[in-house]
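**Student:** One file is attached below, structure24.cif, containing mmCIF, C-alpha atoms and all ligand atoms.
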```
data_coords
#
loop_
_atom_site.label_atom_id
_atom_site.label_comp_id
_atom_site.auth_asym_id
_atom_site.auth_seq_id
_atom_site.Cartn_x
_atom_site.Cartn_y
_atom_site.Cartn_z
CA MET A 1311 -13.59 -22.40 -25.88
CA ASP A 1312 -15.01 -20.18 -23.13
CA ASP A 1313 -12.62 -21.74 -20.63
CA VAL A 1314 -9.46 -20.95 -22.67
CA PRO A 1315 -7.58 -18.09 -20.92
CA PHE A 1316 -7.16 -15.97 -24.04
CA ARG A 1317 -6.22 -12.85 -22.13
CA GLY A 1318 -3.25 -14.60 -20.47
CA ILE A 1319 -2.08 -15.97 -23.81
CA VAL A 1320 -2.30 -12.58 -25.51
CA GLU A 1321 -0.54 -10.78 -22.66
CA GLN A 1322 2.40 -13.23 -22.72
CA SER A 1323 2.66 -13.57 -26.47
CA LEU A 1324 6.12 -13.03 -27.92
CA ALA A 1325 4.42 -11.54 -30.97
CA GLY A 1326 2.94 -8.08 -30.68
CA ILE A 1327 -0.86 -8.11 -30.55
CA TYR A 1328 -3.08 -5.07 -31.00
CA VAL A 1329 -6.58 -3.85 -31.69
CA VAL A 1330 -7.35 -0.67 -33.63
CA LEU A 1331 -10.73 1.00 -33.28
CA ASP A 1332 -11.60 4.27 -35.05
CA GLU A 1333 -7.98 4.56 -36.28
CA ARG A 1334 -6.58 4.44 -32.71
CA PHE A 1335 -4.93 1.68 -30.72
CA MET A 1336 -7.54 0.60 -28.17
CA TYR A 1337 -5.51 -2.39 -27.00
CA ALA A 1338 -1.84 -3.48 -27.30
CA ASN A 1339 0.03 -6.20 -25.43
CA ASP A 1340 3.37 -5.45 -23.77
CA THR A 1341 5.37 -6.93 -26.66
CA PHE A 1342 3.70 -4.63 -29.18
CA VAL A 1343 4.06 -1.54 -26.99
CA ALA A 1344 7.76 -2.36 -26.36
CA MET A 1345 8.36 -2.42 -30.13
CA PHE A 1346 7.51 1.30 -30.13
CA GLY A 1347 9.41 2.13 -26.93
CA TYR A 1348 6.35 3.51 -25.12
CA GLY A 1349 4.77 2.60 -21.79
CA ARG A 1350 1.42 0.89 -22.22
CA ASP A 1351 -0.59 3.78 -20.80
CA GLU A 1352 1.08 6.22 -23.18
CA PHE A 1353 0.48 4.00 -26.15
CA VAL A 1354 -3.18 3.07 -25.90
CA GLY A 1355 -5.28 5.79 -27.49
CA ARG A 1356 -2.58 6.87 -29.96
CA ARG A 1357 -3.55 7.30 -33.58
CA MET A 1358 -2.27 4.49 -35.78
CA VAL A 1359 -1.04 6.96 -38.39
CA ASP A 1360 1.21 8.66 -35.81
CA CYS A 1361 2.98 5.38 -35.08
CA VAL A 1362 4.37 4.82 -38.57
CA THR A 1363 6.90 6.73 -40.67
CA PRO A 1364 5.41 9.49 -42.87
CA ASP A 1365 6.25 7.55 -46.06
CA SER A 1366 4.35 4.51 -44.78
CA ALA A 1367 1.26 6.41 -43.58
CA ASP A 1368 -0.69 6.32 -46.86
CA GLU A 1369 -0.28 2.60 -47.33
CA VAL A 1370 -1.13 1.84 -43.70
CA MET A 1371 -4.31 3.94 -43.82
CA GLN A 1372 -5.33 2.48 -47.17
CA ASN A 1373 -4.89 -1.05 -45.83
CA TYR A 1374 -6.88 -0.05 -42.74
CA ARG A 1375 -9.80 1.29 -44.76
CA ARG A 1376 -9.90 -1.70 -47.10
CA ARG A 1377 -10.45 -4.00 -44.15
CA ILE A 1378 -12.79 -1.77 -42.19
CA SER A 1379 -14.96 -1.29 -45.29
CA GLY A 1380 -15.05 -5.06 -45.72
CA GLU A 1381 -13.35 -4.96 -49.14
CA VAL A 1382 -10.88 -7.55 -47.79
CA GLN A 1383 -10.97 -9.49 -44.55
CA ALA A 1384 -7.24 -9.62 -43.74
CA ILE A 1385 -3.95 -8.20 -45.03
CA HIS A 1386 -0.40 -9.38 -44.45
CA TYR A 1387 2.22 -6.72 -45.09
CA PHE A 1388 5.44 -5.05 -44.03
CA THR A 1389 5.71 -1.50 -42.81
CA LYS A 1390 7.93 0.90 -40.91
CA GLY A 1391 6.83 1.83 -37.41
CA LEU A 1392 8.03 4.99 -35.69
CA ARG A 1393 9.37 4.53 -32.17
CA LYS A 1394 9.03 7.09 -29.41
CA ASP A 1395 12.76 7.90 -29.78
CA GLY A 1396 12.29 8.58 -33.52
CA GLN A 1397 13.98 5.33 -34.61
CA ILE A 1398 12.36 3.08 -37.20
CA VAL A 1399 11.07 -0.36 -36.28
CA HIS A 1400 10.43 -2.67 -39.23
CA LEU A 1401 7.23 -4.61 -38.71
CA GLU A 1402 5.62 -7.61 -40.32
CA LEU A 1403 1.88 -7.35 -39.74
CA HIS A 1404 -1.12 -9.56 -40.17
CA ALA A 1405 -4.39 -7.96 -39.18
CA SER A 1406 -8.01 -8.72 -39.89
CA ARG A 1407 -11.37 -7.12 -39.44
CA VAL A 1408 -13.24 -7.87 -36.19
CA GLU A 1409 -16.24 -6.45 -34.36
CA CYS A 1410 -15.46 -4.36 -31.29
CA ARG A 1411 -18.06 -2.49 -29.25
CA GLY A 1412 -20.43 -3.07 -32.11
CA ARG A 1413 -18.17 -1.34 -34.62
CA PRO A 1414 -15.69 -2.65 -37.20
CA ALA A 1415 -12.14 -2.79 -35.85
CA LEU A 1416 -8.78 -4.42 -36.63
CA ALA A 1417 -7.13 -7.14 -34.60
CA GLY A 1418 -3.54 -7.77 -35.59
CA VAL A 1419 -0.34 -9.63 -34.86
CA ALA A 1420 3.06 -7.99 -35.38
CA LEU A 1421 6.65 -9.20 -35.53
CA ASP A 1422 9.67 -6.93 -35.16
CA VAL A 1423 11.76 -7.76 -38.25
CA THR A 1424 14.20 -4.84 -37.91
CA GLU A 1425 17.26 -7.05 -37.50
CA ARG A 1426 16.37 -9.07 -40.59
CA VAL A 1427 15.68 -5.96 -42.68
CA ASN A 1428 18.90 -4.30 -41.49
CA ALA A 1429 20.91 -7.44 -42.21
CA GLN A 1430 19.42 -7.57 -45.71
CA GLU A 1431 20.22 -3.91 -46.21
CA ASP A 1432 23.82 -4.45 -44.99
CA LEU A 1433 24.16 -7.36 -47.39
CA ARG A 1434 22.78 -5.32 -50.26
CA ARG A 1435 25.12 -2.46 -49.44
CA SER A 1436 28.20 -4.65 -49.19
CA ARG A 1437 27.30 -6.38 -52.49
CA GLU A 1438 27.05 -2.96 -54.06
CA GLN A 1439 30.43 -1.98 -52.60
CA LEU A 1440 31.95 -5.20 -53.91
CA ARG A 1441 30.55 -4.38 -57.33
CA GLN A 1442 31.97 -0.89 -57.23
CA LEU A 1443 35.31 -2.32 -56.17
CA ALA A 1444 35.30 -4.81 -59.06
CA LYS A 1445 34.40 -2.03 -61.45
CA HIS A 1446 37.14 0.19 -60.13
CA SER A 1447 39.73 -2.57 -60.19
CA ASN A 1448 38.77 -3.59 -63.74
CA ALA A 1449 39.07 -0.02 -64.93
CA ALA A 1450 42.39 0.48 -63.12
CA ARG A 1451 43.79 -2.76 -64.53
CA GLU A 1452 42.73 -1.68 -68.01
CA VAL A 1453 44.53 1.66 -67.72
CA GLU A 1454 47.63 -0.02 -66.28
CA ARG A 1455 47.72 -2.70 -68.98
CA GLU A 1456 47.31 -0.15 -71.71
CA LYS A 1457 50.13 1.94 -70.29
CA LEU A 1458 52.46 -1.04 -69.86
CA ALA A 1459 51.60 -2.39 -73.32
CA ARG A 1460 52.45 0.95 -74.85
CA GLU A 1461 55.72 1.25 -72.89
CA VAL A 1462 56.81 -2.25 -73.84
CA HIS A 1463 55.83 -1.77 -77.46
CA ASP A 1464 57.03 1.77 -78.04
CA VAL A 1465 59.88 2.31 -75.59
CA LEU A 1466 61.36 -1.14 -75.14
CA GLY A 1467 60.55 -2.14 -78.72
CA GLY A 1468 62.10 1.09 -80.00
CA MET A 1469 65.29 0.65 -77.99
CA LEU A 1470 65.67 -2.96 -79.07
CA THR A 1471 65.19 -2.03 -82.70
CA SER A 1472 67.89 0.65 -82.48
CA ALA A 1473 70.23 -1.79 -80.76
CA LYS A 1474 69.57 -4.39 -83.45
CA PHE A 1475 70.30 -1.79 -86.10
CA ASP A 1476 73.68 -0.99 -84.47
CA VAL A 1477 74.60 -4.66 -84.14
CA SER A 1478 73.70 -5.14 -87.82
CA ARG A 1479 76.24 -2.40 -88.62
CA ILE A 1480 78.85 -4.30 -86.63
CA VAL A 1481 78.00 -7.41 -88.67
CA ARG A 1482 78.58 -5.48 -91.88
CA ARG A 1483 81.83 -3.88 -90.66
CA THR A 1484 83.30 -7.19 -89.49
CA ALA A 1485 82.72 -9.10 -92.72
CA THR A 1486 86.46 -9.78 -93.15
CA ALA A 1487 88.50 -12.93 -92.60
CA GLU A 1488 90.45 -11.57 -89.63
CA LEU A 1489 87.26 -10.45 -87.80
CA ALA A 1490 85.37 -13.67 -88.47
CA GLU A 1491 84.93 -14.52 -84.76
CA LEU A 1492 83.53 -11.08 -83.93
CA ASN A 1493 81.29 -11.30 -87.00
CA GLY A 1494 79.92 -14.64 -85.84
CA ILE A 1495 79.09 -13.28 -82.37
CA ALA A 1496 77.44 -10.14 -83.86
CA THR A 1497 75.38 -12.25 -86.29
CA GLU A 1498 74.09 -14.39 -83.43
CA LEU A 1499 73.30 -11.20 -81.51
CA VAL A 1500 71.15 -9.93 -84.37
CA THR A 1501 69.07 -13.12 -84.22
CA LEU A 1502 68.80 -12.84 -80.43
CA MET A 1503 67.73 -9.19 -80.73
CA GLN A 1504 65.06 -10.11 -83.27
CA ASP A 1505 63.72 -12.85 -80.97
CA THR A 1506 63.67 -10.33 -78.11
CA ILE A 1507 61.80 -7.80 -80.26
CA ASP A 1508 59.24 -10.50 -81.15
CA ALA A 1509 58.89 -11.47 -77.48
CA ALA A 1510 58.34 -7.83 -76.45
CA ARG A 1511 55.68 -7.49 -79.16
CA THR A 1512 53.91 -10.64 -77.97
CA ILE A 1513 53.98 -9.47 -74.35
CA SER A 1514 52.63 -6.07 -75.35
CA ASP A 1515 49.94 -7.69 -77.47
CA GLN A 1516 48.85 -9.98 -74.68
CA MET A 1517 48.46 -7.03 -72.35
CA ARG A 1518 46.52 -4.97 -74.83
CA PRO A 1519 46.14 -6.33 -78.35
CA ALA A 1520 46.93 -3.66 -80.91
CA SER A 1521 44.43 -5.40 -83.19
CA LEU A 1522 41.64 -4.46 -80.78
CA ASP A 1523 42.23 -0.80 -81.56
CA LEU A 1524 43.41 -1.14 -85.14
CA LEU A 1525 41.40 -4.00 -86.60
CA GLY A 1526 38.48 -4.33 -84.22
CA LEU A 1527 37.03 -6.89 -81.84
CA GLY A 1528 36.46 -9.60 -84.46
CA THR A 1529 40.11 -9.81 -85.44
CA ALA A 1530 41.36 -9.47 -81.88
CA LEU A 1531 39.12 -12.37 -80.79
CA ARG A 1532 40.14 -14.54 -83.73
CA GLN A 1533 43.84 -13.91 -83.01
CA ALA A 1534 43.40 -14.56 -79.28
CA LEU A 1535 41.71 -17.91 -80.00
CA GLU A 1536 44.33 -18.94 -82.53
CA ARG A 1537 47.17 -18.04 -80.18
CA PHE A 1538 45.42 -19.89 -77.36
CA GLY A 1539 45.05 -22.99 -79.53
CA ALA A 1540 48.70 -22.94 -80.53
CA ARG A 1541 49.97 -22.35 -77.00
CA HIS A 1542 47.87 -25.01 -75.30
CA GLY A 1543 47.60 -27.56 -78.07
CA VAL A 1544 43.82 -27.15 -78.21
CA GLU A 1545 41.78 -27.33 -81.40
CA VAL A 1546 39.93 -24.04 -81.91
CA SER A 1547 37.02 -23.12 -84.11
CA VAL A 1548 36.01 -19.51 -84.65
CA ALA A 1549 32.84 -18.32 -86.36
CA ILE A 1550 32.66 -14.55 -86.64
CA PRO A 1551 30.56 -12.99 -89.36
CA ALA A 1552 32.64 -10.82 -91.67
CA ASP A 1553 30.27 -7.89 -91.29
CA ALA A 1554 29.66 -8.10 -87.56
CA VAL A 1555 28.58 -5.04 -85.62
CA SER A 1556 31.32 -2.58 -84.90
CA LEU A 1557 31.39 -1.88 -81.18
CA PRO A 1558 32.84 1.19 -79.52
CA ALA A 1559 36.05 0.60 -77.51
CA ASP A 1560 34.29 0.89 -74.15
CA MET A 1561 32.21 -2.16 -75.11
CA ALA A 1562 34.77 -4.05 -77.20
CA THR A 1563 37.48 -3.99 -74.51
CA PRO A 1564 35.34 -5.51 -71.71
CA ILE A 1565 34.06 -8.19 -74.11
CA PHE A 1566 37.61 -9.02 -75.15
CA ARG A 1567 38.68 -9.21 -71.49
CA ILE A 1568 35.75 -11.50 -70.67
CA VAL A 1569 36.82 -13.91 -73.42
CA GLN A 1570 40.46 -13.65 -72.30
CA GLU A 1571 39.49 -14.48 -68.70
CA ALA A 1572 37.30 -17.35 -69.90
CA LEU A 1573 40.16 -18.73 -71.98
CA THR A 1574 42.44 -18.54 -68.93
CA ASN A 1575 39.83 -20.60 -67.09
CA VAL A 1576 39.72 -23.13 -69.92
CA ALA A 1577 43.50 -23.46 -69.73
CA ARG A 1578 43.54 -23.71 -65.94
CA HIS A 1579 40.49 -25.81 -65.18
CA ALA A 1580 38.81 -27.40 -68.17
CA ARG A 1581 41.28 -29.97 -69.53
CA ALA A 1582 39.59 -29.40 -72.89
CA SER A 1583 40.78 -30.53 -76.31
CA ARG A 1584 38.52 -28.18 -78.24
CA VAL A 1585 37.24 -24.60 -77.87
CA GLU A 1586 34.59 -23.04 -80.04
CA LEU A 1587 33.81 -19.34 -80.36
CA VAL A 1588 30.68 -18.17 -82.12
CA VAL A 1589 29.81 -14.51 -82.58
CA GLU A 1590 26.40 -13.57 -83.88
CA HIS A 1591 25.02 -10.17 -84.54
CA GLY A 1592 21.84 -8.55 -85.59
CA PRO A 1593 21.08 -4.90 -86.03
CA ASP A 1594 20.00 -4.69 -82.40
CA SER A 1595 22.15 -7.19 -80.54
CA PHE A 1596 25.60 -8.71 -80.23
CA ALA A 1597 25.88 -12.29 -78.96
CA LEU A 1598 28.90 -14.41 -78.25
CA SER A 1599 29.29 -17.98 -77.06
CA LEU A 1600 32.51 -19.68 -76.01
CA ARG A 1601 32.31 -23.37 -75.44
CA ASP A 1602 34.88 -25.93 -74.34
CA ASN A 1603 34.62 -29.71 -74.22
CA GLY A 1604 36.37 -30.08 -70.87
CA VAL A 1605 35.37 -31.36 -67.45
CA GLY A 1606 32.54 -28.85 -67.02
CA LEU A 1607 31.92 -26.13 -64.48
CA ASP A 1608 31.43 -27.50 -60.98
CA VAL A 1609 29.66 -24.68 -59.15
CA GLY A 1610 30.13 -26.38 -55.78
CA ALA A 1611 33.91 -26.55 -56.22
CA LYS A 1612 34.34 -22.80 -56.31
CA ARG A 1613 37.66 -21.93 -54.69
CA GLN A 1614 37.57 -19.31 -51.97
CA GLY A 1615 38.91 -15.99 -53.14
CA SER A 1616 38.46 -16.69 -56.84
CA ILE A 1617 37.24 -13.60 -58.61
CA GLY A 1618 37.43 -14.49 -62.31
CA LEU A 1619 33.75 -15.24 -62.87
CA PHE A 1620 32.69 -12.38 -60.61
CA SER A 1621 34.87 -9.93 -62.47
CA MET A 1622 33.53 -11.20 -65.81
CA ALA A 1623 29.96 -10.74 -64.60
CA GLU A 1624 30.73 -7.20 -63.47
CA ARG A 1625 32.32 -6.28 -66.78
CA ALA A 1626 29.23 -7.57 -68.57
CA ARG A 1627 26.86 -5.79 -66.23
CA ASP A 1628 28.81 -2.59 -66.70
CA ILE A 1629 28.10 -2.49 -70.43
CA GLY A 1630 24.50 -3.66 -70.06
CA ALA A 1631 25.15 -7.21 -71.27
CA SER A 1632 23.84 -10.44 -69.78
CA LEU A 1633 26.36 -13.19 -69.07
CA GLN A 1634 25.86 -16.85 -68.28
CA VAL A 1635 28.59 -19.37 -67.57
CA ARG A 1636 27.35 -22.90 -67.05
CA ALA A 1637 28.10 -26.56 -67.52
CA CYS A 1638 26.69 -27.98 -70.77
CA LEU A 1639 24.54 -31.08 -70.71
CA ALA A 1640 26.74 -32.59 -73.40
CA GLY A 1641 29.86 -31.91 -71.27
CA GLY A 1642 32.19 -28.94 -71.05
CA THR A 1643 31.45 -25.35 -70.12
CA GLU A 1644 29.67 -22.67 -72.07
CA LEU A 1645 29.84 -18.90 -71.72
CA LYS A 1646 27.08 -16.88 -73.30
CA LEU A 1647 27.10 -13.13 -73.57
CA HIS A 1648 24.26 -11.09 -74.96
CA LEU A 1649 24.45 -7.37 -75.52
CA PRO A 1650 21.43 -5.40 -76.74
CA LEU A 1651 22.61 -2.57 -79.00
CA PRO A 1652 21.23 0.91 -79.40
CA ALA A 1653 19.52 1.31 -82.76
CA VAL A 1654 22.08 3.79 -84.10
CA MET A 1655 25.07 1.43 -84.28
CA GLY A 1656 26.51 0.60 -87.67
CA VAL A 1657 27.96 -2.59 -89.11
CA ALA A 1658 31.47 -4.15 -89.63
CA LEU A 1659 33.69 -5.67 -86.96
CA ALA A 1660 36.31 -8.00 -88.42
N1 LIG B 1701 35.97 -23.61 -68.43
C1 LIG B 1701 35.91 -24.17 -67.20
N2 LIG B 1701 35.90 -25.52 -67.04
C2 LIG B 1701 35.85 -26.08 -65.83
N3 LIG B 1701 35.77 -25.39 -64.66
C3 LIG B 1701 35.76 -24.06 -64.74
C4 LIG B 1701 35.82 -23.37 -65.99
N4 LIG B 1701 35.77 -22.04 -65.75
C5 LIG B 1701 35.69 -21.91 -64.41
N5 LIG B 1701 35.68 -23.11 -63.79
C6 LIG B 1701 35.53 -23.37 -62.35
O1 LIG B 1701 34.97 -22.25 -61.75
C7 LIG B 1701 35.77 -21.78 -60.70
C8 LIG B 1701 35.69 -20.28 -60.59
O2 LIG B 1701 36.32 -19.66 -61.69
P1 LIG B 1701 37.00 -18.24 -61.47
O3 LIG B 1701 37.55 -17.78 -62.76
O4 LIG B 1701 36.00 -17.39 -60.76
O5 LIG B 1701 38.16 -18.53 -60.43
P2 LIG B 1701 39.60 -19.16 -60.63
O6 LIG B 1701 39.91 -19.33 -62.08
O7 LIG B 1701 39.67 -20.38 -59.77
O8 LIG B 1701 40.53 -18.04 -59.98
P3 LIG B 1701 40.82 -16.56 -60.56
O9 LIG B 1701 40.27 -15.64 -59.53
O10 LIG B 1701 42.30 -16.48 -60.66
O11 LIG B 1701 40.14 -16.44 -61.87
C9 LIG B 1701 37.14 -22.32 -61.01
O12 LIG B 1701 37.91 -22.47 -59.83
C10 LIG B 1701 36.84 -23.65 -61.65
O13 LIG B 1701 36.60 -24.64 -60.67
MG MG B 1702 39.67 -17.71 -63.42
#
```
In structure tokens, how does this file's structure come out?

**Tutor:**
Amino acid sequence: MDDVPFRGIVEQSLAGIYVVLDERFMYANDTFVAMFGYGRDEFVGRRMVDCVTPDSADEVMQNYRRRISGEVQAIHYFTKGLRKDGQIVHLELHASRVECRGRPALAGVALDVTERVNAQEDLRRSREQLRQLAKHSNAAREVEREKLAREVHDVLGGMLTSAKFDVSRIVRRTATAELAELNGIATELVTLMQDTIDAARTISDQMRPASLDLLGLGTALRQALERFGARHGVEVSVAIPADAVSLPADMATPIFRIVQEALTNVARHARASRVELVVEHGPDSFALSLRDNGVGLDVGAKRQGSIGLFSMAERARDIGASLQVRACLAGGTELKLHLPLPAVMGVALA
């Protein structure tokens, strides 16, 4: 090995290489020195602790002492170096104990992983922004739906009811032989008005089910499933315990929306003939599973721009629930939601 030109290899290495003796850099190759933005002459002799950020200093010195004392031979870790210009350089280090001038020293190899760390940080930040956006858009949609539902129900419904009342008066006033034609038209109008009132109520209820506020989550879910079954010709089965946990509106509404979104997915993608909803509760948790017997979730086939599952996950996360949507082994897709409850919550949901 004596004839291997180690010095040349070390000097040209694309990885930073250094030796620390008595807590100071006694050797560093050009690559390592460049990571810190110093000239080589300025760098050699600097204290190791001065070349890392203050919040990394303790860990760096502890790792140094553990190797110098012989407690461990080598350590592989990440730290933040401090460049001459004050910028941070993220480093991946592997250094081990060696003998140098008869004393224990460290010989190490370093990689500059700043780009990777920054990219990870950017990714984390943009995920967080996406989450905030989903949260904001869910909340805004909820407010908008509630407002529209109320307008349709109260304003439009009220106006239609008054109009129906007036037309009914016309029906009564035209109940004579000579006004038979007018009476016939007015009678048909009453039926049309009633159908319109029913349609307005259904639209309002789909936007924000009155039962969610008046009768609770259990009833709202049962009604949503039954309506879904009737509309799509799908057999539904609902198991909700009569005395399920009563959830506050800020938990019940997101859960209801998650089930609504999942049902929309069943209608759009599953080609199922049966949907099963099971709600279980204990004193300290609320659990819900919605299962269809359709084609099953194909994770690879995710359409670009689809946000349904993402938005469901965010709603769940927002209330501290866990949510899983996955293909079942037996076929079909299953959604499972689990919400741990604070000890103080009472009972009764349906
Ligand atoms: N119950 C289901 N059965 C089969 N496939 C499903 C089911 N639910 C979801 N998927 C699949 O998962 C994909 C993602 O669902 P997601 O709700 O996120 O988006 P989407 O329904 O396509 O669009 P949107 O953003 O309007 O909800 C769907 O495109 C579909 O391929
Ligand atoms: Mg969807």

**Student:** Identify, counting all atoms listed in the file, the protein, DNA and RNA residues located within 7 Å of ligand MG 1702 (chain B), and give them as a PyMOL selection string.

**Tutor:** chain A and resi 1571-1572+1574-1575+1616-1619

**Student:** As a PyMOL selection string, please: every protein or nucleic acid residue near ligand LIG 1701 (chain B) (cut-off 10 Å, counting all atoms listed in the file).

**Tutor:** chain A and resi 1571-1582+1585+1600-1623+1635-1637+1641-1645

**Student:** Provide the CA of Asp1422 in chain A to CA of Asp1365 in chain A distance in Å, to one decimal place.

**Tutor:**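 If I compute the distance from CA of Asp1422 in chain A to CA of Asp1365 in chain A, I get 18.4 Å.
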
**Student:** I'd like the interatomic distance between CA of Gln1570 in chain A and CA of Ser1583 in chain A, to a tenth of an Å.

**Tutor:**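 Calculated distance between CA of Gln1570 in chain A and CA of Ser1583 in chain A is 17.4 Å.
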
**Student:** Please produce, as CSV, a per-residue contact table for range 1338-1391 of chain A versus range 1414-1418 of chain A (criterion: any atom at most 9 Å away, only C-alpha atoms considered), showing the nearest atom pair and its distance in Å to one decimal, sorted by chain then residue number.

**Tutor:**
```
residue,atom,partner,partner_atom,distance
A:Tyr1374,CA,A:Leu1416,CA,7.7
A:Arg1377,CA,A:Leu1416,CA,7.7
A:Ile1378,CA,A:Pro1414,CA,5.8
A:Ser1379,CA,A:Pro1414,CA,8.2
A:Gly1380,CA,A:Pro1414,CA,8.9
A:Ala1384,CA,A:Leu1416,CA,8.9
```

**Student:** Restricted to C-alpha atoms, what would the selected residues look like written as a PDB file, in the coordinates of the input?

**Tutor:**
```pdb
ATOM      1  CA  TYR A1374      -6.880  -0.050 -42.740  1.00  0.00           C
ATOM      2  CA  ARG A1377     -10.450  -4.000 -44.150  1.00  0.00           C
ATOM      3  CA  ILE A1378     -12.790  -1.770 -42.190  1.00  0.00           C
ATOM      4  CA  SER A1379     -14.960  -1.290 -45.290  1.00  0.00           C
ATOM      5  CA  GLY A1380     -15.050  -5.060 -45.720  1.00  0.00           C
ATOM      6  CA  ALA A1384      -7.240  -9.620 -43.740  1.00  0.00           C
TER       7      ALA A1384
END
```
